[in-house]
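*Asks:* Handing you this structure, nothing more for now.
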Amino acid sequence: MRRIVSLIGGILLVAVGGLAANAQSPARTLYEQQKEEINQITVSIVVSGMRCTCARFAEDIRNVVNDLRPDGVRVLPILGVGGIQNLQDVLFLKGVDMGTVDQDHLEFLENKDPVLYANLQNRVKYITKLYNSEFQIAARKEFTSLSDLQGKRVSFNLENSHTHIAADIIFGMMGLTTEKTFHDNDEALQLLRTGKLDAHMVLTGAPQSGLARIKAADGIHLLPLSEDDLPAEAKDQLYKRYLPADLTHEHYPELIAEGQTVPTIATRTALAVYNWDPASLRYRKLERFVQEFFSKIGEFNHKSRHPKWAEVNLAADIPGWQRFKPAQDWLDGNRNAPAAGLDPAGDSDGDIRVAFEKFLASYRQSAGQAPLSEQDRAQLFTQFKQFLAFQNARAESQ
């Protein structure tokens, strides 16, 4: 009798367990389906910090590109450490697809460890140049030129940051040696205010939020980095590698007088991507991202977006880098699309605009001209590009 009762009890337990499993099955299936769907469409971008121009760019990309339908794209910005770590995260972190990096970073890693970073140009590509990052040097007012910083206490921003790597290269070209320290922007600017630092450097798209909060009473100004400051042997090296740029009153009203500029140089900030196998899911997701991002590039030229989107030209090249194949394929198929942010000459509007603004500022100062209206500037810039296109066409015909 006991055996019969025991057997019946066992049968009942199995039956109840089966009913419970069947009851959970639809919910479990829905969970797995949702999990698969969200992973099928999500791509990530690692950026340097909340106050970096790159963070605002990633937010803008998310807002424009996000489409949560099963065949859409979801962009997930990730707050990283910044600098060279962004490129290492693209290389090594499982959850990172893309990252904002500086043009110097490939060369830096290849030189740092030729074995670990062998063949890096084929392992990491770029989707597009995003914007120009200006080299900005905040210093105590008693220092008036870069040469004044010889032997002084200078913050190179965080160790292995965009700023640190570029500053090492630039100061090395100039033969300038300083007492190097590493501080984040907020800490460094406070140390500058109290005189415990002599200068601090920032490499990012201007305006940088910390510098924008400096007041005239803080005893801080921006040092120029102009051709006149450079030794002859450094000048050619510097301008082969970097772009001429200007910081303006519009960037920093408290630091630069209206109508004046502070000359400097700029690097190219890129959207880097791991070069996945074309047969992989990661590659297909990134291919879909490129198509959505590039096809909507015109939507970034809106006053609600970061003003540096005006510098973006999808066809712009980055020296030393190779373009991600889906990006190149899209460009090849859309060369004649004026709304796609493409320059017919294959150069970047941003790079041309930098040269234009430098010329304009120089002309105003020499001729004593007042600042132009935005309408006049836009008209002159259009004429400037037409002139360059004509010159390029004439050169090719000769």
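Here's how to read the names in the structure tokens: chain A, B, ... by the order shown, residue numbers from 1 in each chain, ligand numbers from 1 in the order shown.
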Please identify the strand (DSSP E or B) residues within stretch 37-205 of chain A (assignment by DSSP from backbone atoms) and present them as JSON, numbers by chain.

*Replies:* {"A": [42, 43, 44, 45, 46, 47, 74, 75, 76, 77, 78, 79, 98, 99, 100, 101, 102, 124, 125, 126, 127, 128, 129, 130, 131, 132, 133, 134, 135, 136, 137, 138, 139, 140, 153, 154, 155, 179, 180, 181, 199, 200, 201, 202, 203, 204]}

*Asks:* Which residues are near A:Ala272? Cut-off 8 Å, only C-alpha atoms, ignore same chain within fewer than 3 positions. Put them as a VMD selection string.

*Replies:* chain A and resid 87 90 98 to 101 124 to 128

*Asks:* For the selection just defined, write its residues with C-alpha atoms to a file, as an mmCIF file, in the first residue's frame.

*Replies:*
```
data_model
loop_
_atom_site.group_PDB
_atom_site.id
_atom_site.type_symbol
_atom_site.label_atom_id
_atom_site.label_comp_id
_atom_site.auth_asym_id
_atom_site.auth_seq_id
_atom_site.Cartn_x
_atom_site.Cartn_y
_atom_site.Cartn_z
ATOM 1 C CA LEU A 87 41.217 52.333 -28.859
ATOM 2 C CA VAL A 90 37.671 48.664 -29.239
ATOM 3 C CA MET A 98 33.239 51.527 -31.800
ATOM 4 C CA GLY A 99 35.120 54.303 -30.040
ATOM 5 C CA THR A 100 36.102 57.936 -30.497
ATOM 6 C CA VAL A 101 39.883 58.088 -30.959
ATOM 7 C CA VAL A 124 40.991 48.566 -36.410
ATOM 8 C CA LYS A 125 39.483 50.760 -39.124
ATOM 9 C CA TYR A 126 37.638 54.061 -39.102
ATOM 10 C CA ILE A 127 34.086 54.809 -40.177
ATOM 11 C CA THR A 128 34.467 58.573 -40.556
#
```

*Asks:* Can you tell me, as a list in words, what residues are no more than 6 Å from A:Gly151 when counting only C-alpha atoms, ignoring any on the same chain fewer than 5 positions away?

*Replies:* Thr177, Thr178 and Glu179 of chain A

*Asks:* How many Å lie between atom CA of A:Val154 and atom CA of A:His200, rounded to one decimal?

*Replies:* 5.6 Å

*Asks:* Counting only C-alpha atoms, what is within 9 Å of A:Glu142, bar same-chain residues fewer than 4 positions away, as a PyMOL selection string?

*Replies:* chain A and resi 148+219-220

*Asks:* I'd like the contact shell of A:Asp104 - 8 Å cut-off, only C-alpha atoms, skipping same-chain residues fewer than 3 positions apart - returned as a PyMOL selection string.

*Replies:* chain A and resi 107-108+165-166

*Asks:* Measuring atom to atom with only C-alpha atoms, identify which of A:Glu37, A:Asp60, A:Asp102, A:Asp317 is nearest to A:Leu203.

*Replies:*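 Of the candidates, the smallest distance to A:Leu203 is held by A:Asp102.
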
*Asks:* When you draw a straight line from atom CA of A:Lys112 to atom CA of A:His162, how long is it in Å?

*Replies:* 15.3 Å

*Asks:* Could you give me, as a PyMOL selection string, the residues within 12 Å of A:Lys129, counting only C-alpha atoms and dropping anything in the same chain fewer than 3 positions from it?

*Replies:* chain A and resi 54+57+99-103+125-126+132-133+267-273+308-309+311-319+321-324+327+341+347-351

*Asks:* Could you check which of A:Lys141, A:Gly175, A:Val96, A:Ile61 is closest to A:Leu230, using only C-alpha atoms?

*Replies:*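 Ranked by minimum distance to A:Leu230, first place goes to A:Gly175.
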
*Asks:* Where does DSSP see alpha helix (DSSP H) in stretch 145-362 of chain A, if you list the residues as number ranges by chain?

*Replies:* A: 162-174, 185-193, 209-212, 232-241, 281-295, 325-333, 349-362

*Asks:* Check the smallest atom-to-atom distance from each of A:Pro307, A:Gln121, A:Cys52, A:Pro77 to A:Asn275 using only C-alpha atoms, then report the winner.

*Replies:*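 Using only C-alpha atoms, the shortest distance to A:Asn275 belongs to A:Gln121.
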
*Asks:* Distance atom CA of A:Thr144-atom CA of A:Ala188, one decimal place?

*Replies:*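 Rounded to one decimal, the two atoms are 18.9 Å apart.
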
*Asks:* Using only C-alpha atoms for the distances, tell me which of A:Ala139, A:Gly210, A:Gly320, A:Leu222 is nearest to A:Glu110.

*Replies:*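 Among the listed residues, A:Gly320 lies closest to A:Glu110.
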